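Peer 1: What follows is a single structure, and I will ask about it in a moment.
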Amino acid sequence: MARHKVLVVGLLLLALLFAGCAGEKQEAPKATATPTPEQKATEAPKAEMKTITIGVTDKITDLDPANAYDFYTWEVMNNIMGGLMRYKPGTTELEPFLAESYEVQDGGKVYIFHLRKDLKFADGTPCTAEDVVRSIKRVMELQGDPSWLVTDFVENVEAVDQYTVKFTLKKPVSYFLALTATPPYFPVHPDYKPDAIDPDQTAGGVGPYKIVEWVRDQELILETNENFFGEKPKVDRVVVKFYKDATTLRLALERGEVDIAWRTLSPVDIQSLKGKEGLQVIEAPGGFIRYLVLNGNENTDFPTKNKLVRQAIAAAIDRQDIINKVYMGTMEPLYSLVPNGMWSHIDAFKDKYGDGNIDLARQLLTQAGYSEDNKLKLELWWTPTHYGDTEKDLAQVLKAQLEKTGMIEVELKSAEWSTYVDYARKSAMMASLFGWYPDYLDPDDYTAPFLKSTANNWLGYPYADEEMDKLIEDASKATSMQEREELYKQIQQKLAEDAPIIPLVQGKLTVVAKDNVKGITLDPTMIFRYYLLDIS
C-alpha cells in the first residue's frame, strides 16, 4: 500500500523498479450500523440505486486503523477512508489525496502537508489538521498491530494551523510519503474511542463510500458518501457478502447472487471459470507472498528456538512440490521475503538450502539432537478461510515434506482467522502459515514488519536480533539506491541463515466477474477500489 520526494524522485524510482499485513469467534451476528430515519428520508430508494454485489471468503477484523493489520480490512478502509497521499489507481505512483501539496524540509526529517479545505467526514463533520493529528497520535498511544508504521518513524506530529500538518521524523526516511498512504495515517471520525481500540466503529473517515450497514461475517453495505470531496463513484451501492468457503462463493457467482467473486476462489474453480460465457477472469500482478513462521520467542519453550531446527525445516521444504500439488501451477517458488521482480531480491534460501534437501535436513536435525527414535515434535498451524480453500492442502503437503526426513513428527492444528490472529499476537503458535500483501512498495515492507524486533509484535515477537535491527535501520535511512540494495541483500542472507521465517511461494490475485462489470483496476498495490467500478 505505499511510498516517497526529495524523495518523490526516489519513491518513483522504487516504484518503477518493482515488477509486477488465527479461529473466528463464533458470536451472534451483530448489525453495527443502520441508517437513521433522517438519512432514510434523504436517500434514493434502494431499487433506484446502481448496485454491485461482491462475494468474498475473507473477513473484516477491526474497523479501526489503529489495530487492523490484515489485507482485506485495509481494502475496506481504502474505500471508506483515505490518507494524505495515495497511489494513483492503476499505477505505483504516489499522489496527494487529502493533502493538496507537501514540503520536505531539514534534509528529509520534516514533512509539511497542506490539507484540502473541503474535507468532511461522511456525516458532514469537517476534517481538519487537528483530526489528522488526533488520529495519528491515537495510533501511537494505542500501540495496535500496525502502530510501528508510525512509531518507528515519527517523532512528533502537530497541527500548524487548521489546514497544515507537520511531521518531525526520528530520522530521514526515503519512503515516508508511502507510509502516509497506509491506514494508520488515515484520519478517523471523532466518534472513534480516544483511548481504546474500537473494532465495530462504522463512522469511518474521509472516503468515497460510507458504511450504512454491517453484520459481522455476513454482509457489509457501502453507499456513496455525499460529503466526499472527490469524484462521485459510478456505483451508488456496494454490497459485500461473506461466504464460508470457495465452493459456496463459486456457486453464488454462478447463480447470479454476486457480480464479483474476490478473495478467494480455489485454483480449480478459477481454471474452470476461464472462458465460461458471461464471465471475465482478471489477474492482479504479483507481490502477494506466502511464508511459514517458526517461533523463536525466548519466552516460549518451543523447539523452534533452536536455529538448527529452523534451518532443517527450511532445507526440507520443496516449493515446486507445493506449487504442483496445492496451487496447480498458479504460484511461483519464492526464496526470499523480498518478492521476485522487486529490486534487491536474491534467492537466498535456494542458495543456502536448495529445495527439498532431505539429506541436509537430516544432518541439521542430528546436530540439534534429534533422530528417528527421538523425533522433533512440531505443531503446524493453519487457518481455514482467510487464504482460501487450499490452506488445508498446503498444511498437509508441508507435513508430508517435513515427515519425509524420518525425524520430524508434525501435528496439524487450525483456528479461524480472528482466533488465529489472537494466537499469533500472544506468541502461542510454534509454526504458523501466513501471507503478506504490500503496505508500501519497498523492500523495507517485506523485511521490517517480520524481522525488526520493534515491529513484529503482530506475530508475537518470533524473532529479535540486534544485527538484523541495525541492517534494517541502515537500509531505511540510506539515500543511495546502490547502498540500500546492498543492505537488503545482506538482510536476505541473514534471514536465510537464521530462518525465523521461511518464504514459500509468490502468487497473483484473481477476480472473476460478470461481463457487465467494468472498472476493475488491479495494480501492484493489490487494493481493490470499489469506487472505480461500474455495471451496465
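Ordering of the C-alpha cells sets the chain letters (A, B, ...); residue numbers start at 1 within each chain; ligands are numbered from 1 in the order shown.
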Skipping near chain neighbours, those fewer than 6 positions away, what residues fall within 8 Å of range 155-164 of chain A using only C-alpha atoms, listed as a list in words?

Peer 2: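 What passes the distance filter is Ile112, Phe113, His114, Leu115, Arg116, Lys117, Thr128, Ala129, Glu130, Val133, Ile136, Lys137 and Lys170 of chain A.
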
Peer 1: Produce a file of the selected residues containing all heavy atoms, as an mmCIF file, in the first residue's frame.

Peer 2:
data_model
loop_
_atom_site.group_PDB
_atom_site.id
_atom_site.type_symbol
_atom_site.label_atom_id
_atom_site.label_comp_id
_atom_site.auth_asym_id
_atom_site.auth_seq_id
_atom_site.Cartn_x
_atom_site.Cartn_y
_atom_site.Cartn_z
ATOM 1 N N ILE A 112 5.821 18.668 5.718
ATOM 2 C CA ILE A 112 4.676 19.539 5.987
ATOM 3 C C ILE A 112 3.628 19.310 4.905
ATOM 4 O O ILE A 112 3.922 19.435 3.714
ATOM 5 C CB ILE A 112 5.098 21.015 6.030
ATOM 6 C CG1 ILE A 112 6.076 21.237 7.198
ATOM 7 C CG2 ILE A 112 3.883 21.923 6.164
ATOM 8 C CD1 ILE A 112 6.642 22.639 7.280
ATOM 9 N N PHE A 113 2.411 18.963 5.328
ATOM 10 C CA PHE A 113 1.320 18.685 4.399
ATOM 11 C C PHE A 113 0.269 19.790 4.504
ATOM 12 O O PHE A 113 -0.152 20.147 5.614
ATOM 13 C CB PHE A 113 0.675 17.337 4.712
ATOM 14 C CG PHE A 113 1.556 16.164 4.430
ATOM 15 C CD1 PHE A 113 2.434 15.690 5.396
ATOM 16 C CD2 PHE A 113 1.519 15.526 3.200
ATOM 17 C CE1 PHE A 113 3.259 14.608 5.144
ATOM 18 C CE2 PHE A 113 2.345 14.435 2.930
ATOM 19 C CZ PHE A 113 3.219 13.988 3.908
ATOM 20 N N HIS A 114 -0.146 20.291 3.361
ATOM 21 C CA HIS A 114 -1.194 21.298 3.294
ATOM 22 C C HIS A 114 -2.486 20.610 2.866
ATOM 23 O O HIS A 114 -2.583 20.097 1.743
ATOM 24 C CB HIS A 114 -0.811 22.400 2.311
ATOM 25 C CG HIS A 114 0.502 23.067 2.662
ATOM 26 N ND1 HIS A 114 0.616 24.014 3.659
ATOM 27 C CD2 HIS A 114 1.762 22.892 2.169
ATOM 28 C CE1 HIS A 114 1.870 24.408 3.758
ATOM 29 N NE2 HIS A 114 2.592 23.733 2.867
ATOM 30 N N LEU A 115 -3.462 20.592 3.748
ATOM 31 C CA LEU A 115 -4.692 19.863 3.501
ATOM 32 C C LEU A 115 -5.616 20.601 2.537
ATOM 33 O O LEU A 115 -5.594 21.839 2.447
ATOM 34 C CB LEU A 115 -5.461 19.637 4.808
ATOM 35 C CG LEU A 115 -4.766 18.864 5.926
ATOM 36 C CD1 LEU A 115 -5.735 18.679 7.090
ATOM 37 C CD2 LEU A 115 -4.281 17.520 5.428
ATOM 38 N N ARG A 116 -6.456 19.815 1.855
ATOM 39 C CA ARG A 116 -7.568 20.399 1.113
ATOM 40 C C ARG A 116 -8.490 21.087 2.113
ATOM 41 O O ARG A 116 -8.580 20.688 3.278
ATOM 42 C CB ARG A 116 -8.342 19.299 0.374
ATOM 43 C CG ARG A 116 -7.547 18.560 -0.691
ATOM 44 C CD ARG A 116 -8.403 17.464 -1.299
ATOM 45 N NE ARG A 116 -9.596 18.026 -1.908
ATOM 46 C CZ ARG A 116 -9.746 18.273 -3.219
ATOM 47 N NH1 ARG A 116 -8.763 17.978 -4.047
ATOM 48 N NH2 ARG A 116 -10.860 18.772 -3.682
ATOM 49 N N LYS A 117 -9.213 22.082 1.668
ATOM 50 C CA LYS A 117 -10.080 22.836 2.576
ATOM 51 C C LYS A 117 -11.529 22.374 2.513
ATOM 52 O O LYS A 117 -12.405 22.957 3.161
ATOM 53 C CB LYS A 117 -9.983 24.326 2.267
ATOM 54 C CG LYS A 117 -8.517 24.794 2.320
ATOM 55 C CD LYS A 117 -8.352 26.226 2.552
ATOM 56 C CE LYS A 117 -6.900 26.651 2.792
ATOM 57 N NZ LYS A 117 -5.904 25.969 1.982
ATOM 58 N N THR A 128 -10.115 18.415 9.756
ATOM 59 C CA THR A 128 -9.053 19.421 9.748
ATOM 60 C C THR A 128 -7.727 18.809 10.173
ATOM 61 O O THR A 128 -7.641 17.607 10.466
ATOM 62 C CB THR A 128 -9.402 20.575 10.707
ATOM 63 O OG1 THR A 128 -9.372 20.072 12.057
ATOM 64 C CG2 THR A 128 -10.788 21.149 10.409
ATOM 65 N N ALA A 129 -6.717 19.648 10.246
ATOM 66 C CA ALA A 129 -5.395 19.190 10.674
ATOM 67 C C ALA A 129 -5.457 18.573 12.069
ATOM 68 O O ALA A 129 -4.737 17.610 12.363
ATOM 69 C CB ALA A 129 -4.407 20.357 10.644
ATOM 70 N N GLU A 130 -6.302 19.109 12.933
ATOM 71 C CA GLU A 130 -6.429 18.559 14.280
ATOM 72 C C GLU A 130 -6.919 17.119 14.251
ATOM 73 O O GLU A 130 -6.509 16.288 15.065
ATOM 74 C CB GLU A 130 -7.377 19.423 15.118
ATOM 75 C CG GLU A 130 -6.814 20.790 15.496
ATOM 76 C CD GLU A 130 -5.675 20.704 16.507
ATOM 77 O OE1 GLU A 130 -5.447 19.605 17.053
ATOM 78 O OE2 GLU A 130 -5.009 21.729 16.732
ATOM 79 N N VAL A 133 -3.956 14.910 13.245
ATOM 80 C CA VAL A 133 -3.037 14.768 14.375
ATOM 81 C C VAL A 133 -3.646 13.870 15.448
ATOM 82 O O VAL A 133 -2.982 12.959 15.970
ATOM 83 C CB VAL A 133 -2.681 16.143 14.949
ATOM 84 C CG1 VAL A 133 -1.898 16.001 16.252
ATOM 85 C CG2 VAL A 133 -1.866 16.946 13.938
ATOM 86 N N ILE A 136 -3.529 10.160 14.320
ATOM 87 C CA ILE A 136 -2.185 9.569 14.288
ATOM 88 C C ILE A 136 -1.642 9.392 15.706
ATOM 89 O O ILE A 136 -1.042 8.348 16.031
ATOM 90 C CB ILE A 136 -1.251 10.415 13.413
ATOM 91 C CG1 ILE A 136 -1.699 10.311 11.945
ATOM 92 C CG2 ILE A 136 0.199 9.963 13.566
ATOM 93 C CD1 ILE A 136 -0.974 11.222 10.998
ATOM 94 N N LYS A 137 -1.879 10.360 16.568
ATOM 95 C CA LYS A 137 -1.422 10.211 17.958
ATOM 96 C C LYS A 137 -2.182 9.094 18.662
ATOM 97 O O LYS A 137 -1.629 8.386 19.519
ATOM 98 C CB LYS A 137 -1.587 11.532 18.702
ATOM 99 C CG LYS A 137 -0.536 12.565 18.301
ATOM 100 C CD LYS A 137 -0.530 13.766 19.214
ATOM 101 C CE LYS A 137 0.666 14.681 18.894
ATOM 102 N NZ LYS A 137 0.714 15.872 19.774
ATOM 103 N N LYS A 170 12.036 10.806 13.280
ATOM 104 C CA LYS A 170 13.185 10.454 14.104
ATOM 105 C C LYS A 170 14.472 10.521 13.296
ATOM 106 O O LYS A 170 15.542 10.793 13.829
ATOM 107 C CB LYS A 170 12.996 9.048 14.679
ATOM 108 C CG LYS A 170 11.834 8.957 15.658
ATOM 109 C CD LYS A 170 11.637 7.541 16.170
ATOM 110 C CE LYS A 170 10.489 7.477 17.173
ATOM 111 N NZ LYS A 170 10.252 6.103 17.665
#

Peer 1: For Lys305 in chain A, please output as number ranges by chain all residues within 8 Å (counting only C-alpha atoms; exclusion window: fewer than 5 positions along the same chain).

Peer 2: A: 295-298, 310

Peer 1: For Arg362 in chain A, please output as a PyMOL selection string all residues within 12 Å (counting only C-alpha atoms; exclusion window: fewer than 2 positions along the same chain).

Peer 2: chain A and resi 308-309+311-316+356-360+364-372+375-376+402-408

Peer 1: Counting only C-alpha atoms, which residues of range 298-340 of chain A sit at most 12 Å from some atom of range 450-474 of chain A, and what is each one's closest atom pair with its distance in Å to one decimal, listed by chain and rising residue number, as CSV?

Peer 2:
residue,atom,partner,partner_atom,distance
A:Glu298,CA,A:Pro462,CA,8.2
A:Asn299,CA,A:Pro462,CA,9.6
A:Thr300,CA,A:Pro462,CA,9.6
A:Phe302,CA,A:Pro462,CA,10.7
A:Thr304,CA,A:Pro462,CA,9.6
A:Lys305,CA,A:Pro462,CA,8.8
A:Asn306,CA,A:Tyr463,CA,11.6
A:Lys307,CA,A:Tyr463,CA,11.0
A:Arg310,CA,A:Tyr463,CA,11.8
A:Leu337,CA,A:Phe450,CA,9.1
A:Val338,CA,A:Phe450,CA,11.3

Peer 1: With distances taken over only C-alpha atoms, which of A:Ile520, A:Val206, A:Ile535, A:Leu380 is nearest to Val293 in chain A?

Peer 2: A:Leu380

Peer 1: I'd like to know which of A:Lys477, A:Lys377, A:His386, A:Lys210 is closest to Ile80 in chain A, using only C-alpha atoms.

Peer 2: A:Lys210

Peer 1: Pick out each residue of range 93-325 of chain A that DSSP on the backbone tags as strand (DSSP E or B); I need them as a CSV table (one decimal) with N, CA and C atoms, in the first residue's frame.

Peer 2:
chain,number,residue,atom,x,y,z
A,94,LEU,N,2.7,7.7,-6.4
A,94,LEU,CA,2.0,8.4,-5.3
A,94,LEU,C,1.5,9.7,-5.7
A,95,GLU,N,0.4,10.1,-5.2
A,95,GLU,CA,-0.1,11.5,-5.5
A,95,GLU,C,-0.8,12.0,-4.2
A,96,PRO,N,-0.9,13.3,-4.0
A,96,PRO,CA,-1.6,13.9,-2.9
A,96,PRO,C,-3.1,13.4,-2.9
A,99,ALA,N,-4.2,15.6,1.3
A,99,ALA,CA,-3.4,16.8,1.1
A,99,ALA,C,-3.5,17.3,-0.3
A,100,GLU,N,-3.3,18.6,-0.5
A,100,GLU,CA,-3.2,19.2,-1.8
A,100,GLU,C,-1.8,19.4,-2.2
A,101,SER,N,-0.9,19.5,-1.2
A,101,SER,CA,0.6,19.6,-1.5
A,101,SER,C,1.3,19.3,-0.3
A,102,TYR,N,2.7,19.2,-0.4
A,102,TYR,CA,3.5,19.0,0.7
A,102,TYR,C,4.9,19.6,0.5
A,103,GLU,N,5.6,19.7,1.6
A,103,GLU,CA,7.0,20.2,1.5
A,103,GLU,C,7.9,19.3,2.3
A,104,VAL,N,9.1,19.1,1.9
A,104,VAL,CA,10.1,18.3,2.6
A,104,VAL,C,11.2,19.3,3.1
A,105,GLN,N,11.5,19.3,4.4
A,105,GLN,CA,12.5,20.2,4.9
A,105,GLN,C,13.5,19.5,5.8
A,110,VAL,N,11.7,16.6,8.1
A,110,VAL,CA,10.4,17.3,8.4
A,110,VAL,C,9.6,17.3,7.1
A,111,TYR,N,8.3,16.9,7.3
A,111,TYR,CA,7.4,16.9,6.2
A,111,TYR,C,6.2,17.7,6.6
A,112,ILE,N,5.8,18.7,5.7
A,112,ILE,CA,4.7,19.5,6.0
A,112,ILE,C,3.6,19.3,4.9
A,113,PHE,N,2.4,19.0,5.3
A,113,PHE,CA,1.3,18.7,4.4
A,113,PHE,C,0.3,19.8,4.5
A,114,HIS,N,-0.1,20.3,3.4
A,114,HIS,CA,-1.2,21.3,3.3
A,114,HIS,C,-2.5,20.6,2.9
A,115,LEU,N,-3.5,20.6,3.7
A,115,LEU,CA,-4.7,19.9,3.5
A,115,LEU,C,-5.6,20.6,2.5
A,120,LYS,N,-14.5,16.5,4.5
A,120,LYS,CA,-15.6,16.3,5.5
A,120,LYS,C,-15.7,14.8,5.7
A,126,PRO,N,-16.6,18.6,9.5
A,126,PRO,CA,-15.3,19.0,8.8
A,126,PRO,C,-14.1,18.1,9.3
A,154,VAL,N,8.0,8.4,13.3
A,154,VAL,CA,7.5,9.7,13.6
A,154,VAL,C,7.9,10.1,15.1
A,155,GLU,N,8.6,11.2,15.2
A,155,GLU,CA,9.0,11.7,16.5
A,155,GLU,C,7.8,12.6,17.0
A,156,ASN,N,7.2,13.4,16.1
A,156,ASN,CA,6.1,14.2,16.6
A,156,ASN,C,5.2,14.6,15.4
A,157,VAL,N,4.0,14.8,15.6
A,157,VAL,CA,3.1,15.3,14.6
A,157,VAL,C,2.2,16.4,15.2
A,158,GLU,N,2.1,17.5,14.5
A,158,GLU,CA,1.4,18.7,15.1
A,158,GLU,C,0.6,19.4,14.0
A,159,ALA,N,-0.4,20.1,14.5
A,159,ALA,CA,-1.2,20.9,13.6
A,159,ALA,C,-0.7,22.4,13.6
A,160,VAL,N,-0.1,22.8,12.5
A,160,VAL,CA,0.5,24.2,12.5
A,160,VAL,C,-0.7,25.2,12.4
A,161,ASP,N,-1.7,24.9,11.7
A,161,ASP,CA,-2.9,25.6,11.7
A,161,ASP,C,-4.0,24.7,11.2
A,164,THR,N,-2.8,22.6,8.1
A,164,THR,CA,-1.4,22.3,7.9
A,164,THR,C,-1.0,21.3,9.0
A,165,VAL,N,-0.4,20.2,8.5
A,165,VAL,CA,0.1,19.2,9.4
A,165,VAL,C,1.6,19.0,9.3
A,166,LYS,N,2.3,19.1,10.4
A,166,LYS,CA,3.8,19.0,10.3
A,166,LYS,C,4.2,17.7,11.0
A,167,PHE,N,5.0,16.9,10.3
A,167,PHE,CA,5.6,15.7,10.9
A,167,PHE,C,7.1,15.9,11.1
A,168,THR,N,7.6,15.6,12.3
A,168,THR,CA,9.0,15.6,12.5
A,168,THR,C,9.4,14.1,12.7
A,169,LEU,N,10.3,13.7,11.9
A,169,LEU,CA,10.7,12.3,11.9
A,169,LEU,C,11.9,12.0,12.8
A,209,TYR,N,-16.9,6.2,-0.1
A,209,TYR,CA,-18.1,5.5,0.4
A,209,TYR,C,-18.2,5.6,1.9
A,210,LYS,N,-19.4,5.3,2.4
A,210,LYS,CA,-19.7,5.3,3.9
A,210,LYS,C,-20.3,3.9,4.2
A,211,ILE,N,-20.2,3.5,5.4
A,211,ILE,CA,-20.8,2.2,5.8
A,211,ILE,C,-22.2,2.6,6.3
A,212,VAL,N,-23.2,1.9,5.7
A,212,VAL,CA,-24.6,2.1,6.2
A,212,VAL,C,-25.1,0.9,6.9
A,213,GLU,N,-24.5,-0.3,6.7
A,213,GLU,CA,-24.9,-1.4,7.5
A,213,GLU,C,-23.7,-2.5,7.5
A,214,TRP,N,-23.6,-3.1,8.6
A,214,TRP,CA,-22.6,-4.1,8.7
A,214,TRP,C,-23.0,-5.2,9.7
A,215,VAL,N,-23.2,-6.4,9.2
A,215,VAL,CA,-23.5,-7.6,10.0
A,215,VAL,C,-22.2,-8.4,10.0
A,219,GLU,N,-22.5,-9.5,6.1
A,219,GLU,CA,-22.8,-8.5,5.0
A,219,GLU,C,-22.3,-7.2,5.4
A,220,LEU,N,-21.7,-6.5,4.4
A,220,LEU,CA,-21.3,-5.1,4.6
A,220,LEU,C,-21.9,-4.3,3.4
A,221,ILE,N,-22.6,-3.2,3.8
A,221,ILE,CA,-23.2,-2.4,2.7
A,221,ILE,C,-22.6,-1.0,2.8
A,222,LEU,N,-22.1,-0.5,1.6
A,222,LEU,CA,-21.5,0.8,1.5
A,222,LEU,C,-22.4,1.6,0.5
A,223,GLU,N,-22.5,2.9,0.8
A,223,GLU,CA,-23.2,3.8,-0.1
A,223,GLU,C,-22.3,5.0,-0.3
A,224,THR,N,-22.6,5.7,-1.4
A,224,THR,CA,-21.9,6.9,-1.8
A,224,THR,C,-21.8,7.9,-0.7
A,237,ARG,N,-24.1,1.9,-4.6
A,237,ARG,CA,-24.2,1.0,-3.5
A,237,ARG,C,-23.3,-0.2,-3.8
A,238,VAL,N,-22.5,-0.6,-2.8
A,238,VAL,CA,-21.6,-1.8,-2.9
A,238,VAL,C,-22.0,-2.7,-1.7
A,239,VAL,N,-22.5,-3.9,-2.1
A,239,VAL,CA,-22.8,-4.9,-1.1
A,239,VAL,C,-21.8,-6.0,-1.1
A,240,VAL,N,-21.1,-6.2,0.1
A,240,VAL,CA,-20.1,-7.2,0.2
A,240,VAL,C,-20.7,-8.4,1.0
A,241,LYS,N,-20.8,-9.6,0.4
A,241,LYS,CA,-21.3,-10.7,1.1
A,241,LYS,C,-20.1,-11.7,1.5
A,242,PHE,N,-20.2,-12.2,2.7
A,242,PHE,CA,-19.1,-13.0,3.2
A,242,PHE,C,-19.5,-14.5,3.2
A,260,ILE,N,-19.3,-10.1,-8.5
A,260,ILE,CA,-17.9,-10.3,-8.5
A,260,ILE,C,-17.5,-11.3,-7.4
A,261,ALA,N,-16.6,-12.2,-7.7
A,261,ALA,CA,-16.1,-13.2,-6.8
A,261,ALA,C,-14.6,-12.8,-6.5
A,262,TRP,N,-14.3,-12.5,-5.3
A,262,TRP,CA,-12.9,-12.0,-5.0
A,262,TRP,C,-12.4,-12.5,-3.6
A,279,LEU,N,-18.8,-14.5,-18.1
A,279,LEU,CA,-17.8,-14.2,-17.0
A,279,LEU,C,-16.5,-13.7,-17.6
A,280,GLN,N,-15.8,-12.9,-16.8
A,280,GLN,CA,-14.5,-12.5,-17.1
A,280,GLN,C,-13.5,-12.8,-15.9
A,281,VAL,N,-12.3,-13.2,-16.2
A,281,VAL,CA,-11.3,-13.5,-15.2
A,281,VAL,C,-10.2,-12.6,-15.3
A,282,ILE,N,-9.9,-11.8,-14.3
A,282,ILE,CA,-8.9,-10.8,-14.3
A,282,ILE,C,-7.8,-11.1,-13.2
A,283,GLU,N,-6.6,-11.1,-13.6
A,283,GLU,CA,-5.5,-11.4,-12.6
A,283,GLU,C,-4.7,-10.2,-12.2
A,288,PHE,N,2.1,-10.7,-3.8
A,288,PHE,CA,1.5,-11.5,-2.7
A,288,PHE,C,2.4,-12.7,-2.4
A,289,ILE,N,2.8,-12.8,-1.1
A,289,ILE,CA,3.7,-13.9,-0.8
A,289,ILE,C,3.1,-14.8,0.3
A,290,ARG,N,3.5,-16.0,0.4
A,290,ARG,CA,3.2,-16.9,1.5
A,290,ARG,C,4.4,-17.4,2.2
A,291,TYR,N,4.3,-17.6,3.5
A,291,TYR,CA,5.5,-18.0,4.2
A,291,TYR,C,5.2,-18.7,5.5
A,292,LEU,N,6.2,-19.3,6.1
A,292,LEU,CA,6.0,-20.1,7.3
A,292,LEU,C,6.8,-19.4,8.4
A,293,VAL,N,6.1,-19.1,9.5
A,293,VAL,CA,6.7,-18.5,10.7
A,293,VAL,C,7.1,-19.6,11.7
A,294,LEU,N,8.4,-19.6,12.1
A,294,LEU,CA,8.9,-20.5,13.1
A,294,LEU,C,9.3,-19.7,14.3

Peer 1: Figure out the distance between CA of Pro194 in chain A and CA of Tyr72 in chain A, please, to one decimal in Å.

Peer 2: 24.2 Å

Peer 1: Between CA of Ser418 in chain A and CA of Thr61 in chain A, what is the distance in Å, rounded to a tenth?

Peer 2: 6.7 Å

Peer 1: Write out as a PyMOL selection string all residues of range 75-303 of chain A that DSSP puts in alpha helix (DSSP H) for this structure's backbone.

Peer 2: chain A and resi 75-80+129-142+148-151+176-179+246-254+267-273

Peer 1: For N, CA and C atoms, I'd like the residues from the last selection saved as a short mmCIF file (atom, residue, chain, number, x, y, z; two decimals), in the first residue's frame.

Peer 2:
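Saved result, result-v2.cif, follows:
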data_model
loop_
_atom_site.label_atom_id
_atom_site.label_comp_id
_atom_site.auth_asym_id
_atom_site.auth_seq_id
_atom_site.Cartn_x
_atom_site.Cartn_y
_atom_site.Cartn_z
N GLU A 75 -8.34 -3.11 2.69
CA GLU A 75 -9.05 -2.85 1.44
C GLU A 75 -10.34 -2.07 1.70
N VAL A 76 -11.11 -2.53 2.68
CA VAL A 76 -12.34 -1.82 3.03
C VAL A 76 -12.02 -0.40 3.46
N MET A 77 -10.98 -0.23 4.28
CA MET A 77 -10.63 1.10 4.75
C MET A 77 -10.24 2.03 3.60
N ASN A 78 -9.61 1.49 2.58
CA ASN A 78 -9.22 2.31 1.45
C ASN A 78 -10.42 2.76 0.62
N ASN A 79 -11.58 2.22 0.90
CA ASN A 79 -12.80 2.64 0.21
C ASN A 79 -13.68 3.55 1.05
N ILE A 80 -13.47 3.57 2.37
CA ILE A 80 -14.27 4.42 3.24
C ILE A 80 -13.43 5.49 3.93
N ALA A 129 -6.72 19.65 10.25
CA ALA A 129 -5.39 19.19 10.67
C ALA A 129 -5.46 18.57 12.07
N GLU A 130 -6.30 19.11 12.93
CA GLU A 130 -6.43 18.56 14.28
C GLU A 130 -6.92 17.12 14.25
N ASP A 131 -7.80 16.80 13.30
CA ASP A 131 -8.29 15.43 13.19
C ASP A 131 -7.19 14.49 12.72
N VAL A 132 -6.36 14.96 11.79
CA VAL A 132 -5.24 14.15 11.33
C VAL A 132 -4.29 13.87 12.49
N VAL A 133 -3.96 14.91 13.25
CA VAL A 133 -3.04 14.77 14.37
C VAL A 133 -3.65 13.87 15.45
N ARG A 134 -4.92 14.12 15.78
CA ARG A 134 -5.60 13.30 16.79
C ARG A 134 -5.57 11.81 16.40
N SER A 135 -5.85 11.52 15.15
CA SER A 135 -5.92 10.13 14.70
C SER A 135 -4.56 9.45 14.75
N ILE A 136 -3.53 10.16 14.32
CA ILE A 136 -2.19 9.57 14.29
C ILE A 136 -1.64 9.39 15.71
N LYS A 137 -1.88 10.36 16.57
CA LYS A 137 -1.42 10.21 17.96
C LYS A 137 -2.18 9.09 18.66
N ARG A 138 -3.43 8.90 18.27
CA ARG A 138 -4.22 7.79 18.82
C ARG A 138 -3.57 6.46 18.46
N VAL A 139 -3.14 6.31 17.21
CA VAL A 139 -2.45 5.10 16.78
C VAL A 139 -1.18 4.89 17.61
N MET A 140 -0.44 5.96 17.81
CA MET A 140 0.81 5.87 18.57
C MET A 140 0.56 5.46 20.01
N GLU A 141 -0.50 5.97 20.59
CA GLU A 141 -0.77 5.70 22.00
C GLU A 141 -1.38 4.32 22.23
N LEU A 142 -2.23 3.87 21.30
CA LEU A 142 -2.90 2.59 21.49
C LEU A 142 -2.00 1.39 21.21
N TRP A 148 3.62 0.36 14.49
CA TRP A 148 5.03 0.54 14.18
C TRP A 148 5.23 1.37 12.92
N LEU A 149 4.24 1.34 12.00
CA LEU A 149 4.34 2.13 10.78
C LEU A 149 4.38 3.63 11.09
N VAL A 150 3.94 3.99 12.28
CA VAL A 150 4.02 5.37 12.73
C VAL A 150 5.14 5.55 13.76
N THR A 151 5.11 4.72 14.80
CA THR A 151 6.01 4.95 15.93
C THR A 151 7.48 4.73 15.60
N PHE A 176 8.90 7.80 3.30
CA PHE A 176 7.89 8.29 4.24
C PHE A 176 6.58 8.64 3.56
N LEU A 177 6.62 9.21 2.37
CA LEU A 177 5.37 9.53 1.68
C LEU A 177 4.51 8.29 1.49
N ALA A 178 5.16 7.16 1.25
CA ALA A 178 4.43 5.91 1.08
C ALA A 178 3.72 5.52 2.37
N LEU A 179 4.36 5.76 3.50
CA LEU A 179 3.76 5.42 4.78
C LEU A 179 2.47 6.19 5.00
N ALA A 246 -14.66 -21.30 -0.69
CA ALA A 246 -14.59 -21.01 -2.13
C ALA A 246 -15.72 -21.68 -2.89
N THR A 247 -16.10 -22.87 -2.48
CA THR A 247 -17.18 -23.59 -3.18
C THR A 247 -18.48 -22.82 -3.11
N THR A 248 -18.80 -22.33 -1.93
CA THR A 248 -20.02 -21.55 -1.75
C THR A 248 -19.96 -20.25 -2.54
N LEU A 249 -18.80 -19.64 -2.57
CA LEU A 249 -18.62 -18.40 -3.33
C LEU A 249 -18.81 -18.65 -4.82
N ARG A 250 -18.23 -19.71 -5.31
CA ARG A 250 -18.38 -20.00 -6.74
C ARG A 250 -19.85 -20.25 -7.10
N LEU A 251 -20.56 -21.01 -6.28
CA LEU A 251 -21.97 -21.26 -6.53
C LEU A 251 -22.77 -19.96 -6.54
N ALA A 252 -22.42 -19.04 -5.63
CA ALA A 252 -23.11 -17.75 -5.58
C ALA A 252 -22.88 -16.97 -6.87
N LEU A 253 -21.67 -17.05 -7.41
CA LEU A 253 -21.37 -16.37 -8.67
C LEU A 253 -22.16 -16.99 -9.82
N GLU A 254 -22.16 -18.30 -9.88
CA GLU A 254 -22.85 -18.98 -10.98
C GLU A 254 -24.36 -18.81 -10.91
N PRO A 267 -7.85 -22.56 -7.02
CA PRO A 267 -7.25 -22.70 -8.36
C PRO A 267 -8.09 -23.53 -9.31
N VAL A 268 -8.72 -24.59 -8.79
CA VAL A 268 -9.57 -25.43 -9.63
C VAL A 268 -10.75 -24.62 -10.17
N ASP A 269 -11.37 -23.84 -9.29
CA ASP A 269 -12.51 -23.02 -9.70
C ASP A 269 -12.10 -21.98 -10.74
N ILE A 270 -10.96 -21.34 -10.52
CA ILE A 270 -10.50 -20.30 -11.44
C ILE A 270 -10.27 -20.89 -12.83
N GLN A 271 -9.62 -22.04 -12.88
CA GLN A 271 -9.35 -22.66 -14.17
C GLN A 271 -10.64 -23.03 -14.89
N SER A 272 -11.62 -23.55 -14.15
CA SER A 272 -12.87 -23.98 -14.79
C SER A 272 -13.74 -22.81 -15.21
N LEU A 273 -13.57 -21.65 -14.56
CA LEU A 273 -14.39 -20.49 -14.90
C LEU A 273 -13.83 -19.69 -16.07
#
